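Source file: data-v5.tsv. Holds: TSV, C-alpha atoms.
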chain	number	residue	atom	x	y	z
A	634	MET	CA	47.13	-20.12	-54.79
A	635	ALA	CA	43.68	-21.38	-53.78
A	636	ILE	CA	44.76	-21.50	-50.13
A	637	LEU	CA	46.12	-17.94	-50.30
A	638	ALA	CA	42.85	-16.74	-51.83
A	639	LEU	CA	40.89	-18.45	-49.05
A	640	ILE	CA	43.06	-16.81	-46.37
A	641	ALA	CA	42.60	-13.41	-48.01
A	642	CYS	CA	38.84	-13.94	-48.10
A	643	ILE	CA	38.73	-14.85	-44.38
A	644	ALA	CA	40.87	-11.81	-43.48
A	645	SER	CA	38.51	-9.61	-45.45
A	646	LEU	CA	35.50	-11.00	-43.58
A	647	ILE	CA	37.21	-10.42	-40.23
A	648	SER	CA	38.01	-6.84	-41.25
A	649	VAL	CA	34.40	-6.21	-42.25
A	650	GLU	CA	33.14	-7.69	-38.96
A	651	ALA	CA	35.42	-5.31	-37.03
A	652	ARG	CA	33.78	-2.34	-38.76
A	653	ILE	CA	30.18	-3.24	-38.01
A	654	PRO	CA	28.42	0.11	-37.40
A	655	GLY	CA	27.01	0.59	-33.92
A	656	VAL	CA	29.48	-1.59	-32.02
A	657	TYR	CA	31.08	0.45	-29.24
A	658	SER	CA	34.81	-0.19	-28.78
A	659	GLY	CA	35.38	1.40	-25.35
A	660	GLY	CA	38.54	3.18	-24.23
A	661	GLY	CA	42.01	2.86	-22.70
A	662	TRP	CA	42.91	2.27	-19.05
A	663	GLN	CA	43.13	5.28	-16.71
A	664	THR	CA	43.74	5.78	-12.99
A	665	ALA	CA	41.26	6.78	-10.27
A	666	HIS	CA	40.15	5.82	-6.75
A	667	ALA	CA	37.08	4.01	-5.46
A	668	THR	CA	35.02	4.01	-2.26
A	669	PHE	CA	31.61	2.49	-1.50
A	670	TYR	CA	28.12	3.47	-0.33
A	671	GLY	CA	24.58	2.18	-0.08
A	672	GLY	CA	24.90	-0.67	2.43
A	673	SER	CA	25.50	-4.38	1.97
A	674	ASP	CA	22.33	-4.82	-0.11
A	675	ALA	CA	22.91	-1.59	-2.09
A	676	SER	CA	19.46	-0.34	-1.05
A	677	GLY	CA	20.97	3.08	-0.40
A	678	THR	CA	21.90	3.44	-4.07
A	679	MET	CA	18.30	3.57	-5.28
A	680	GLY	CA	17.11	6.73	-7.02
A	681	GLY	CA	20.08	8.92	-7.78
A	682	ALA	CA	21.02	11.76	-10.08
A	683	CYS	CA	20.43	9.81	-13.29
A	684	GLY	CA	16.73	9.38	-12.56
A	685	TYR	CA	16.67	5.60	-12.91
A	686	GLY	CA	14.65	5.08	-9.72
A	687	ASN	CA	14.61	1.47	-8.54
A	688	LEU	CA	17.85	0.04	-9.90
A	689	TYR	CA	16.69	-3.53	-9.26
A	690	SER	CA	13.50	-3.27	-11.36
A	691	GLN	CA	15.32	-1.28	-14.05
A	692	GLY	CA	17.81	-4.13	-14.50
A	693	TYR	CA	20.93	-2.46	-13.14
A	694	GLY	CA	20.99	-4.38	-9.86
A	695	VAL	CA	24.03	-3.71	-7.67
A	696	ASN	CA	26.47	-3.29	-10.59
A	697	THR	CA	26.41	0.49	-10.24
A	698	ALA	CA	28.45	3.50	-9.18
A	699	ALA	CA	28.18	7.21	-8.48
A	700	LEU	CA	30.70	9.25	-10.47
A	701	SER	CA	32.70	12.29	-9.39
A	702	THR	CA	32.26	15.64	-11.15
A	703	ALA	CA	35.20	14.89	-13.46
A	704	LEU	CA	33.47	11.75	-14.77
A	705	PHE	CA	29.77	12.60	-14.43
A	706	ASN	CA	29.82	15.20	-17.22
A	707	ASN	CA	26.78	17.05	-15.85
A	708	GLY	CA	24.71	13.89	-16.18
A	709	PHE	CA	25.57	13.04	-19.76
A	710	SER	CA	27.63	10.05	-18.49
A	711	CYS	CA	24.51	8.43	-17.01
A	712	GLY	CA	24.28	4.91	-18.44
A	713	ALA	CA	27.96	4.64	-19.39
A	714	CYS	CA	29.69	1.40	-18.42
A	715	PHE	CA	33.13	0.92	-16.91
A	716	GLU	CA	35.50	-1.93	-16.10
A	717	ILE	CA	37.33	-1.33	-12.82
A	718	LYS	CA	40.27	-3.07	-11.11
A	719	CYS	CA	41.88	-2.47	-7.72
A	720	VAL	CA	45.63	-1.89	-8.21
A	721	ASN	CA	48.85	-0.72	-6.52
A	722	ASP	CA	47.39	-0.87	-3.03
A	723	LYS	CA	50.13	-0.31	-0.43
A	724	LEU	CA	47.87	-1.59	2.36
A	725	GLN	CA	47.32	-4.86	0.46
A	726	SER	CA	43.54	-4.46	0.48
A	727	CYS	CA	43.01	-5.47	-3.17
A	728	HIS	CA	41.82	-9.01	-3.73
A	729	ALA	CA	44.40	-11.41	-5.13
A	730	GLY	CA	44.66	-11.40	-8.89
A	731	SER	CA	43.07	-7.95	-9.22
A	732	PRO	CA	39.66	-9.18	-10.43
A	733	SER	CA	37.69	-6.67	-12.48
A	734	ILE	CA	34.08	-5.55	-12.12
A	735	LEU	CA	31.68	-4.07	-14.67
A	736	ILE	CA	29.44	-1.23	-13.52
A	737	THR	CA	26.95	1.26	-14.95
A	738	ALA	CA	26.99	4.94	-13.99
A	739	THR	CA	23.69	5.62	-12.19
A	740	ASN	CA	24.42	8.43	-9.75
A	741	PHE	CA	26.53	11.50	-8.95
A	742	CYS	CA	29.11	11.67	-6.16
A	743	PRO	CA	29.02	15.34	-5.12
A	744	PRO	CA	32.14	17.26	-4.10
A	745	ASN	CA	32.79	18.07	-0.46
A	746	TYR	CA	34.84	21.25	-0.51
A	747	ALA	CA	35.03	21.30	3.30
A	748	LEU	CA	37.52	18.44	3.07
A	749	PRO	CA	40.81	18.25	1.17
A	750	ASN	CA	40.89	16.25	-2.07
A	751	ASP	CA	43.22	13.64	-0.59
A	752	ASN	CA	41.45	13.27	2.77
A	753	GLY	CA	37.68	12.89	2.50
A	754	GLY	CA	36.97	15.12	-0.48
A	755	TRP	CA	37.36	12.12	-2.75
A	756	CYS	CA	34.85	13.36	-5.34
A	757	ASN	CA	36.18	16.92	-5.52
A	758	PRO	CA	37.30	18.17	-8.94
A	759	PRO	CA	39.53	17.34	-10.66
A	760	ARG	CA	39.64	13.84	-9.14
A	761	SER	CA	38.32	10.88	-11.11
A	762	HIS	CA	36.46	8.80	-8.53
A	763	PHE	CA	33.95	5.95	-8.34
A	764	ASP	CA	31.68	5.59	-5.31
A	765	LEU	CA	30.71	1.97	-5.86
A	766	ALA	CA	27.68	0.11	-4.60
A	767	MET	CA	29.10	-1.74	-1.60
A	768	PRO	CA	28.67	-5.29	-3.04
A	769	MET	CA	30.77	-4.26	-6.06
A	770	PHE	CA	33.54	-2.72	-3.93
A	771	LEU	CA	33.78	-5.95	-1.96
A	772	LYS	CA	34.40	-7.86	-5.20
A	773	ILE	CA	37.69	-6.01	-5.73
A	774	ALA	CA	38.88	-5.04	-2.22
A	775	GLU	CA	38.54	-5.61	1.51
A	776	TYR	CA	35.91	-3.70	3.48
A	777	ARG	CA	38.57	-2.33	5.85
A	778	ALA	CA	40.27	-0.44	3.01
A	779	GLY	CA	37.56	2.20	2.70
A	780	ILE	CA	39.24	3.69	-0.36
A	781	VAL	CA	41.51	2.02	-2.93
A	782	PRO	CA	43.40	3.05	-6.06
A	783	VAL	CA	41.90	1.62	-9.25
A	784	THR	CA	42.38	1.52	-12.97
A	785	TYR	CA	39.31	1.86	-15.15
A	786	ARG	CA	38.23	1.99	-18.76
A	787	ARG	CA	35.03	2.63	-20.67
A	788	VAL	CA	33.54	-0.57	-22.05
A	789	ALA	CA	30.49	-1.51	-24.06
A	790	CYS	CA	27.32	-1.92	-22.02
A	791	ARG	CA	25.72	-5.34	-22.37
A	792	LYS	CA	22.02	-5.25	-21.55
A	793	GLN	CA	19.18	-7.74	-21.78
A	794	GLY	CA	16.36	-6.70	-24.09
A	795	GLY	CA	15.71	-3.36	-25.69
A	796	ILE	CA	16.03	0.28	-24.70
A	797	ARG	CA	13.22	1.22	-22.30
A	798	PHE	CA	11.32	4.49	-22.63
A	799	THR	CA	9.09	5.53	-19.73
A	800	ILE	CA	6.78	8.42	-20.59
A	801	ASN	CA	5.79	10.68	-17.70
A	802	GLY	CA	4.23	14.12	-17.50
A	803	PHE	CA	0.88	15.56	-18.63
A	804	ARG	CA	-0.74	16.89	-21.81
A	805	SER	CA	1.72	19.69	-22.61
A	806	PHE	CA	4.78	18.26	-20.84
A	807	ASN	CA	6.32	14.96	-21.90
A	808	LEU	CA	9.21	13.63	-19.80
A	809	VAL	CA	10.83	10.48	-21.21
A	810	LEU	CA	13.16	8.42	-19.01
A	811	ILE	CA	15.58	6.31	-21.05
A	812	THR	CA	17.08	3.17	-19.47
A	813	ASN	CA	18.76	-0.14	-20.34
A	814	VAL	CA	20.90	1.26	-23.15
A	815	ALA	CA	23.49	-1.11	-24.63
A	816	GLY	CA	26.65	-0.13	-26.50
A	817	ALA	CA	28.03	3.25	-25.42
A	818	GLY	CA	25.24	3.41	-22.83
A	819	ASP	CA	25.07	7.19	-22.48
A	820	ILE	CA	22.55	9.11	-24.58
A	821	VAL	CA	23.39	12.60	-25.90
A	822	LYS	CA	20.44	13.34	-28.19
A	823	VAL	CA	16.77	12.29	-28.30
A	824	SER	CA	14.03	12.99	-30.84
A	825	ILE	CA	10.36	12.06	-30.74
A	826	LYS	CA	7.78	11.92	-33.50
A	827	GLY	CA	4.03	11.78	-33.29
A	828	SER	CA	1.95	10.31	-36.10
A	829	ARG	CA	0.84	13.88	-36.92
A	830	THR	CA	4.17	15.66	-36.38
A	831	GLY	CA	7.68	15.70	-37.77
A	832	TRP	CA	10.69	14.78	-35.66
A	833	ILE	CA	10.88	16.94	-32.52
A	834	SER	CA	14.20	17.44	-30.75
A	835	MET	CA	13.94	16.86	-26.98
A	836	SER	CA	16.03	18.67	-24.36
A	837	ARG	CA	17.62	16.97	-21.38
A	838	ASN	CA	15.82	17.82	-18.15
A	839	TRP	CA	18.07	15.91	-15.72
A	840	GLY	CA	19.95	12.61	-15.70
A	841	GLN	CA	18.50	10.59	-18.56
A	842	ASN	CA	15.11	12.32	-18.48
A	843	TRP	CA	14.34	14.14	-21.72
A	844	GLN	CA	11.49	16.60	-22.27
A	845	THR	CA	9.31	18.36	-24.83
A	846	SER	CA	6.25	20.57	-24.49
A	847	ALA	CA	4.71	19.28	-27.72
A	848	ILE	CA	1.17	17.90	-27.40
A	849	LEU	CA	1.47	14.26	-28.47
A	850	THR	CA	-1.49	12.59	-26.77
A	851	GLY	CA	-3.70	10.58	-29.11
A	852	GLN	CA	-0.83	9.95	-31.53
A	853	SER	CA	1.34	6.91	-32.07
A	854	LEU	CA	4.96	7.71	-31.17
A	855	SER	CA	8.38	6.97	-32.64
A	856	LEU	CA	11.64	7.61	-30.82
A	857	ARG	CA	15.22	8.12	-31.95
A	858	VAL	CA	18.22	8.21	-29.61
A	859	THR	CA	21.86	9.03	-30.32
A	860	ALA	CA	24.62	7.73	-28.05
A	861	SER	CA	27.98	9.35	-27.29
A	862	ASP	CA	29.61	7.25	-30.03
A	863	ARG	CA	27.30	9.06	-32.52
A	864	ARG	CA	25.36	5.91	-33.36
A	865	SER	CA	21.59	6.26	-33.51
A	866	SER	CA	18.73	3.84	-32.89
A	867	THR	CA	15.24	4.57	-34.20
A	868	THR	CA	12.13	2.67	-33.14
A	869	TRP	CA	9.11	3.47	-35.27
A	870	ASN	CA	5.62	3.39	-33.76
A	871	ILE	CA	6.94	2.25	-30.39
A	872	ALA	CA	3.80	3.50	-28.61
A	873	PRO	CA	0.25	3.18	-30.00
A	874	ALA	CA	-2.10	6.16	-30.19
A	875	SER	CA	-3.74	4.93	-26.99
A	876	TRP	CA	-0.56	5.30	-24.89
A	877	GLN	CA	-0.87	6.73	-21.37
A	878	PHE	CA	1.50	8.67	-19.13
A	879	GLY	CA	3.39	6.33	-16.80
A	880	GLN	CA	3.73	3.56	-19.37
A	881	THR	CA	7.03	2.03	-20.47
A	882	PHE	CA	7.75	0.91	-24.02
A	883	VAL	CA	10.69	-1.14	-25.31
A	884	GLY	CA	12.62	-0.12	-28.43
A	885	LYS	CA	15.53	-1.35	-30.53
A	886	ASN	CA	18.85	-1.49	-28.69
A	887	PHE	CA	22.37	-0.94	-29.96
A	888	ARG	CA	24.53	-3.82	-31.15
A	889	VAL	CA	27.37	-4.98	-28.89
Take the structure in the file and write it out as structure tokens.
Amino acid sequence: MAILALIACIASLISVEARIPGVYSGGGWQTAHATFYGGSDASGTMGGACGYGNLYSQGYGVNTAALSTALFNNGFSCGACFEIKCVNDKLQSCHAGSPSILITATNFCPPNYALPNDNGGWCNPPRSHFDLAMPMFLKIAEYRAGIVPVTYRRVACRKQGGIRFTINGFRSFNLVLITNVAGAGDIVKVSIKGSRTGWISMSRNWGQNWQTSAILTGQSLSLRVTASDRRSSTTWNIAPASWQFGQTFVGKNFRV
């Protein structure tokens, strides 16, 4: 009886661990295609439609991709992470064993309506497509392939350190760039609070840049973000009252 009770206790602990709030569980496997861009050092992937700028200094490195319209979600998918494998390649361009790669969405692959969906218009709706940084493509397939069929799934983003908030703008225009988000990775709601204000809802300007016209200079700031899995992370007093535009502050990240 004592052994049975111990087993029941362990099972209960495992069950509780599986329900830890804030842990993103990802999604099922789906089919798509992948190409590559940006050159062998991925220098051509810098900047992009998510607003991350220098992907090296922001911590994303070469583990990145531009998403087609079907996946980009008008920019709300910026920061989401995916596991990708090369599969079912009739030209035998996939690497043996179908190794997988992990990438973060950092850019948009625009449609090319001058070309058919199956011959150059790879990112045209409704196609699901990943334009990978070239070093990542070469981890799953041969360069000569150009384009390969893949399977992919959403996975939890694993990031070093906290969420980074870079505050740009001027007195009556605050533009906050949010990077290095763990867990679901993509942010769908942002609120900011000055030491003399209540919580102010920010609107998305583009990519992961969020804005408000509230005058917040001279106040300490707190920030709250909500990811696509509806989990929120709040960092109180992340910036002192002496903060300046152009500075970056590090807040609490999501659990993985």
Can you list, as a ChimeraX atom specification, every protein, DNA or RNA residue that comes within 9 Å of Phe887 in chain A when you count all atoms listed in the file, leaving out same-chain residues fewer than 4 positions away?
/A:655-657,795-796,814-818,864-866
Taking into account all atoms listed in the file, which residue in the set A:Phe741, A:Tyr776, A:Trp876, A:Trp869 is nearest to Phe669 in chain A?
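Once distances to Phe669 in chain A are computed over all atoms listed in the file, the minimum belongs to A:Tyr776.
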Nearest-residue call for Phe803 in chain A, choices A:Ser761, A:Gln852, A:Asn706, A:Gln877, using all atoms listed in the file:
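Going through A:Ser761, A:Gln852, A:Asn706, A:Gln877 one by one, the smallest distance to Phe803 in chain A is for A:Gln877.
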For Ser676 in chain A, list every protein, DNA or RNA residue within 10 Å, evaluated using all atoms listed in the file, and leave out those in the same chain fewer than 5 positions away; present the list as a PyMOL selection string.
chain A and resi 670-671+687-689+694-695+766-767
Within 7 Å of (7.1, 2.5, -30.6), only C-alpha atoms: residues as a compact mmCIF listing (two decimals) with C-alpha atoms, keeping the file's coordinate frame?
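Contents of the output file out_23.txt:
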# COMPACT_ATOMS: atom_id res chain seq x y z
CA LEU A 854 4.96 7.71 -31.17
CA SER A 855 8.38 6.97 -32.64
CA LEU A 856 11.64 7.61 -30.82
CA THR A 868 12.13 2.67 -33.14
CA TRP A 869 9.11 3.47 -35.27
CA ASN A 870 5.62 3.39 -33.76
CA ILE A 871 6.94 2.25 -30.39
CA ALA A 872 3.80 3.50 -28.61
CA PRO A 873 0.25 3.18 -30.00
CA PHE A 882 7.75 0.91 -24.02
CA GLY A 884 12.62 -0.12 -28.43
Best match for closeness to Met769 in chain A among A:Asn807, A:Asn757, A:Gln793, A:Asn696, counting all atoms listed in the file
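The shortest atom-to-atom distance to Met769 in chain A comes from A:Asn696.
Here CA of His728 in chain A stands at a distance of 17.5 Å from CA of Phe763 in chain A.
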Closest of A:Asn838, A:Ser690, A:Thr784, A:Ser701 to Ser731 in chain A - atom-to-atom distances counting only C-alpha atoms
A:Thr784
Top pick for closest residue to Gly779 in chain A, considering A:Ser673, A:Asp764, A:Ala698, A:Ser805 and counting only C-alpha atoms:
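Smallest separation from Gly779 in chain A among the options: A:Asp764.
The closest residue to Ile780 in chain A, picked from A:Pro732, A:Gly684, A:Gly753, A:Gly802 and counting all atoms listed in the file, is A:Gly753.
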For Ser875 in chain A: contacts at 9 Å, only C-alpha atoms, fewer than 4 positions along chain excluded, given as JSON, numbers by chain:
{"A": [850, 851, 852, 853]}
Please report the interatomic distance between CA of Val809 in chain A and CA of Gly692 in chain A in Å with one decimal.
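Value for the CA of Val809 in chain A-CA of Gly692 in chain A distance: 17.5 Å.
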Quick one: residues within 10 Å of Val823 in chain A, only C-alpha atoms, excluding same-chain residues fewer than 3 positions away - as a list in words?
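Close residues of Val823 in chain A: Val809, Ile811, Ile820, Trp832, Ile833, Ser834, Met835, Ser836, Arg837, Asn842, Trp843, Gln844, Leu856, Arg857, Val858, Thr859, Ala860, Ser865, Ser866 and Thr867 of chain A.
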Determine, counting all atoms listed in the file, which protein, DNA and RNA residues have an atom within 7 Å of an atom of Cys711 in chain A; residues of the same chain fewer than 6 positions away are not included. Present the result as number ranges by chain.
A: 683, 738-739, 819, 840-841
Can you tell me how far CA of Gly730 in chain A sits from CA of Tyr785 in chain A, in Å to one decimal?
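Atom-to-atom, CA of Gly730 in chain A and CA of Tyr785 in chain A are spaced 15.6 Å apart.
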Box time for range 683-700 of chain A: axis-aligned, enclosing all its listed atoms, 4 Å extra on each side; report centre and edge lengths in Å to one decimal, as AutoDock Vina command-line options.
--center_x 22.1 --center_y 2.7 --center_z -11.1 --size_x 25.2 --size_y 22.2 --size_z 14.8
